[in-house]
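Here the structure is laid out as structure tokens; the discussion comes afterwards.
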Amino acid sequence: MDLSMLPKGSLPAPDPWRPYVAELQLGAERCPGVQHDREADVGFAGLHRPCFGLMPRALAEVVRDIPVADIHLPAGVRVKYLRQPQHYLALPGFGRKPDFMVHVKASGTWFVVRSFEGTVPADTVYFVEGPFDCIKEESYEDGYDELEAGKCPYAFRNHRLYRRRADGTLYDVTRVLLPRPVIRRSERHKYDAGSPRLDSSKLTYAPTLRWRASPPGEEPFPVSESRRYGRVVSFEAHFGFAVWNGRGFDVRERVSDSLWPRYKCSLARPDISCDGALTTGKRDDSFLDYDTEWPDRSKP
């Protein structure tokens, strides 16, 4: 179970923040726009323009130490993949060290891990998405992961939050820090079973999660649905944001577009593909405050 071959990732975050400095200090094999850039790696598995190399040890140890009763893939199998180069990136956070986010490819499944550094190291939290929910048979309608070992052959991916105790043991803080929003009984008929679900698609840009729900059938939400957001035809309903503050998550009804940025637009990792200047004409999400001036397209 040894992971000592992985870099510690304990260097302080660049101040002021500069993309790819932390990854290259950890020995990344390649980073976009820095060395050996490959177009296929620019947007990989939800990570925006990641580097490739051995991942930070602290994140790997979290995945290794999750009880098999939770994650349904033996630790020995997880370690095999954790020792291999993966796609990862560093992000500015609240702690002395940068936050990191990594995608771990593991045969028929995968893990996404993101650290949220605390203003005090003991407050640091690790977000993990992986095969947490075991199912007895294939589910072609909803999709599933086929696990290569262990007692659970198939699983759905879900999310958990973990912290380290002073003695180094890992413990689950999901329900404490990220409780599910409650849908009133009178409204349950309007949403799909299992709603609300957690949207983690912006974690590569900002320390923000979003609770959302889908309609129960194939029809989009009507205009009268007060929680709907997105384009004219909307299949998403909003149930709040959870924003990391260095100690825990603030639950907010609204956030600025810097905390829920448009695709490829990030102040921490600007991209020439960002559609530039202002968000005028792009205000299609009624739960966002559009107040961010993005870098000019010609100046990534």
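Ligands are numbered from 1 in the order shown, chains are lettered A, B, ... in the order of the structure tokens, and residues start at 1 in each chain.
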
message = as number ranges by chain, please: every residue in segment 76-169 of chain A that DSSP puts in helix (DSSP H, G or I).
response = A: 76-82, 121-123

Selected residue of minimal separation from Arg163 of chain A among A:Met5, A:Val62, A:Ala28, A:Leu209, counting only C-alpha atoms =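 The closest residue to Arg163 of chain A is A:Val62.
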
task = Would you list, as a count of residues only, the residues of segment 9-225 of chain A that end up in strand (DSSP E) under DSSP run on this structure's backbone?
result = 65

key: Non-local contacts of segment 158-161 of chain A (12 Å; only C-alpha atoms; under 2 positions in same chain excluded) as JSON, numbers by chain   = {"A": [62, 63, 66, 70, 71, 72, 109, 110, 111, 112, 113, 114, 115, 116, 123, 124, 125, 126, 127, 128, 129, 130, 131, 132, 133, 134, 144, 145, 155, 156, 163, 164, 170, 171, 172, 173, 174, 175, 176, 177, 178, 179, 180, 194, 197, 198, 199, 200, 209, 248, 249]}

Generate a file of the selected residues that holds N, CA and C atoms, formatted as a short mmCIF file (atom, residue, chain, number, x, y, z; two decimals), in the first residue's frame.
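Saved the output as part_1.cif:
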data_model
loop_
_atom_site.label_atom_id
_atom_site.label_comp_id
_atom_site.auth_asym_id
_atom_site.auth_seq_id
_atom_site.Cartn_x
_atom_site.Cartn_y
_atom_site.Cartn_z
N VAL A 62 -5.80 9.60 0.41
CA VAL A 62 -7.23 9.65 0.73
C VAL A 62 -7.97 8.55 -0.02
N VAL A 63 -7.72 8.42 -1.31
CA VAL A 63 -8.39 7.37 -2.10
C VAL A 63 -8.00 5.99 -1.59
N ILE A 66 -9.94 5.06 1.90
CA ILE A 66 -11.39 4.96 2.00
C ILE A 66 -11.77 3.50 2.24
N ASP A 70 -17.23 1.36 1.62
CA ASP A 70 -17.75 2.58 1.02
C ASP A 70 -17.52 2.63 -0.48
N ILE A 71 -16.30 2.34 -0.90
CA ILE A 71 -15.90 2.63 -2.27
C ILE A 71 -16.02 1.43 -3.20
N HIS A 72 -16.13 0.21 -2.67
CA HIS A 72 -16.40 -1.00 -3.46
C HIS A 72 -15.31 -1.34 -4.47
N THR A 109 -13.64 2.04 -14.05
CA THR A 109 -14.18 3.16 -13.29
C THR A 109 -13.14 4.27 -13.21
N TRP A 110 -13.45 5.31 -12.47
CA TRP A 110 -12.51 6.40 -12.25
C TRP A 110 -12.89 7.16 -11.01
N PHE A 111 -11.93 7.94 -10.53
CA PHE A 111 -12.12 8.78 -9.35
C PHE A 111 -11.79 10.22 -9.71
N VAL A 112 -12.52 11.15 -9.13
CA VAL A 112 -12.15 12.55 -9.15
C VAL A 112 -11.93 12.97 -7.69
N VAL A 113 -10.79 13.56 -7.41
CA VAL A 113 -10.46 13.99 -6.05
C VAL A 113 -10.07 15.46 -6.11
N ARG A 114 -10.65 16.26 -5.20
CA ARG A 114 -10.26 17.67 -5.10
C ARG A 114 -10.04 18.00 -3.64
N SER A 115 -8.91 18.62 -3.36
CA SER A 115 -8.66 19.07 -1.99
C SER A 115 -9.17 20.49 -1.83
N PHE A 116 -9.74 20.77 -0.64
CA PHE A 116 -10.10 22.12 -0.24
C PHE A 116 -9.26 22.44 0.99
N ASP A 123 -8.66 21.77 9.05
CA ASP A 123 -9.96 21.98 8.42
C ASP A 123 -10.00 21.53 6.96
N THR A 124 -8.87 21.10 6.42
CA THR A 124 -8.82 20.67 5.02
C THR A 124 -9.78 19.53 4.76
N VAL A 125 -10.48 19.62 3.63
CA VAL A 125 -11.48 18.63 3.24
C VAL A 125 -11.11 18.08 1.86
N TYR A 126 -11.44 16.81 1.65
CA TYR A 126 -11.19 16.16 0.36
C TYR A 126 -12.52 15.70 -0.23
N PHE A 127 -12.82 16.21 -1.41
CA PHE A 127 -14.00 15.79 -2.17
C PHE A 127 -13.61 14.61 -3.04
N VAL A 128 -14.37 13.52 -2.97
CA VAL A 128 -14.08 12.32 -3.76
C VAL A 128 -15.33 11.91 -4.51
N GLU A 129 -15.21 11.75 -5.80
CA GLU A 129 -16.28 11.15 -6.61
C GLU A 129 -15.78 9.80 -7.10
N GLY A 130 -16.55 8.74 -6.84
CA GLY A 130 -16.11 7.41 -7.21
C GLY A 130 -17.24 6.41 -7.08
N PRO A 131 -16.95 5.11 -7.25
CA PRO A 131 -17.99 4.07 -7.25
C PRO A 131 -18.48 3.74 -5.84
N PHE A 132 -19.24 4.66 -5.26
CA PHE A 132 -19.71 4.51 -3.88
C PHE A 132 -20.98 3.67 -3.77
N ASP A 133 -21.82 3.65 -4.81
CA ASP A 133 -23.14 3.02 -4.71
C ASP A 133 -23.15 1.70 -5.47
N CYS A 134 -23.14 0.59 -4.74
CA CYS A 134 -23.14 -0.73 -5.36
C CYS A 134 -24.51 -1.08 -5.90
N TYR A 144 -23.41 2.75 -15.62
CA TYR A 144 -22.80 2.16 -14.44
C TYR A 144 -21.32 1.94 -14.70
N ASP A 145 -20.58 1.66 -13.64
CA ASP A 145 -19.17 1.28 -13.73
C ASP A 145 -19.04 -0.19 -13.41
N ALA A 155 -21.31 -0.55 -10.05
CA ALA A 155 -21.55 0.55 -9.11
C ALA A 155 -21.87 1.83 -9.87
N PHE A 156 -22.62 2.70 -9.20
CA PHE A 156 -22.81 4.07 -9.65
C PHE A 156 -21.81 4.96 -8.93
N ARG A 163 -12.21 14.08 5.90
CA ARG A 163 -11.19 14.82 6.63
C ARG A 163 -10.27 13.83 7.33
N ARG A 164 -9.11 14.35 7.77
CA ARG A 164 -8.17 13.57 8.57
C ARG A 164 -8.28 13.99 10.03
N LEU A 170 -8.99 8.63 8.50
CA LEU A 170 -9.91 9.31 7.59
C LEU A 170 -11.34 9.15 8.09
N TYR A 171 -12.13 10.22 8.03
CA TYR A 171 -13.53 10.07 8.41
C TYR A 171 -14.43 10.89 7.49
N ASP A 172 -15.65 10.41 7.32
CA ASP A 172 -16.63 10.97 6.39
C ASP A 172 -17.33 12.15 7.04
N VAL A 173 -17.30 13.31 6.38
CA VAL A 173 -17.97 14.51 6.89
C VAL A 173 -19.03 15.02 5.91
N THR A 174 -19.49 14.14 5.02
CA THR A 174 -20.42 14.57 3.97
C THR A 174 -21.69 15.15 4.55
N ARG A 175 -22.32 14.43 5.45
CA ARG A 175 -23.61 14.88 5.98
C ARG A 175 -23.47 16.13 6.85
N VAL A 176 -22.30 16.28 7.45
CA VAL A 176 -22.09 17.45 8.31
C VAL A 176 -21.85 18.71 7.49
N LEU A 177 -21.00 18.61 6.47
CA LEU A 177 -20.61 19.79 5.70
C LEU A 177 -21.43 20.00 4.43
N LEU A 178 -22.07 18.95 3.93
CA LEU A 178 -22.77 19.08 2.66
C LEU A 178 -24.11 18.34 2.69
N PRO A 179 -25.00 18.72 3.59
CA PRO A 179 -26.31 18.05 3.67
C PRO A 179 -27.15 18.30 2.41
N ARG A 180 -27.91 17.31 2.03
CA ARG A 180 -28.77 17.44 0.85
C ARG A 180 -29.90 18.42 1.12
N GLY A 194 -34.39 10.62 -6.85
CA GLY A 194 -32.98 10.81 -6.55
C GLY A 194 -32.55 12.26 -6.50
N ARG A 197 -29.41 16.35 -7.07
CA ARG A 197 -28.09 15.78 -7.26
C ARG A 197 -27.05 16.88 -7.22
N LEU A 198 -25.82 16.49 -6.97
CA LEU A 198 -24.75 17.46 -6.84
C LEU A 198 -24.05 17.67 -8.17
N ASP A 199 -23.93 18.91 -8.58
CA ASP A 199 -23.21 19.28 -9.80
C ASP A 199 -21.81 19.76 -9.40
N SER A 200 -20.80 18.98 -9.78
CA SER A 200 -19.42 19.32 -9.43
C SER A 200 -18.63 19.77 -10.66
N LEU A 209 -19.90 24.01 -5.49
CA LEU A 209 -20.77 22.91 -5.90
C LEU A 209 -22.19 23.44 -6.03
N GLY A 248 -15.55 25.53 6.01
CA GLY A 248 -16.70 24.70 5.65
C GLY A 248 -17.33 25.27 4.39
N PHE A 249 -18.56 24.85 4.12
CA PHE A 249 -19.25 25.30 2.92
C PHE A 249 -20.39 26.25 3.29
#

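Atom CA of Phe100 of chain A sits 16.7 Å away from atom CA of Arg247 of chain A.
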
task = Would you kindly return, as a list in words, each protein, DNA or RNA residue with an atom no farther than 9 Å from any atom of segment 186-192 of chain A, considering only C-alpha atoms and excluding same-chain residues fewer than 4 positions away?
result =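 The neighbour list is Pro196, Ala213, Ser214, Pro215, Pro216, Gly217, Phe221 and Ala237 of chain A.
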
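Minimum atom-to-atom distance to Arg157 of chain A, evaluated using only C-alpha atoms, belongs to A:Leu73 out of A:Leu73, A:Trp17, A:Val102, A:His238.
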
ask   = Which neighbours of Gly240 of chain A fall inside 8 Å, counting only C-alpha atoms, when residues of the same chain fewer than 3 positions from it are skipped, and could you give them as a list in words?
value = Pro181, Arg210, Trp211, Arg212, Val251, Arg252, Glu253 and Arg254 of chain A

ask   = What's the 10 Å shell around Arg18 of chain A, counting only C-alpha atoms, without same-chain residues fewer than 2 positions away, as an MDAnalysis selection string?
value = chainID A and resid 13:16 20:22 90:92 268:269

inquiry  = What does the structure give for the distance between atom CA of Pro56 of chain A and atom CA of Phe241 of chain A, in Å to one decimal?
reply    = 27.7 Å

remark   = For Lys105 of chain A, the closest of A:Pro85, A:Gly9, A:Gly118, A:Gly53 counting only C-alpha atoms is A:Pro85
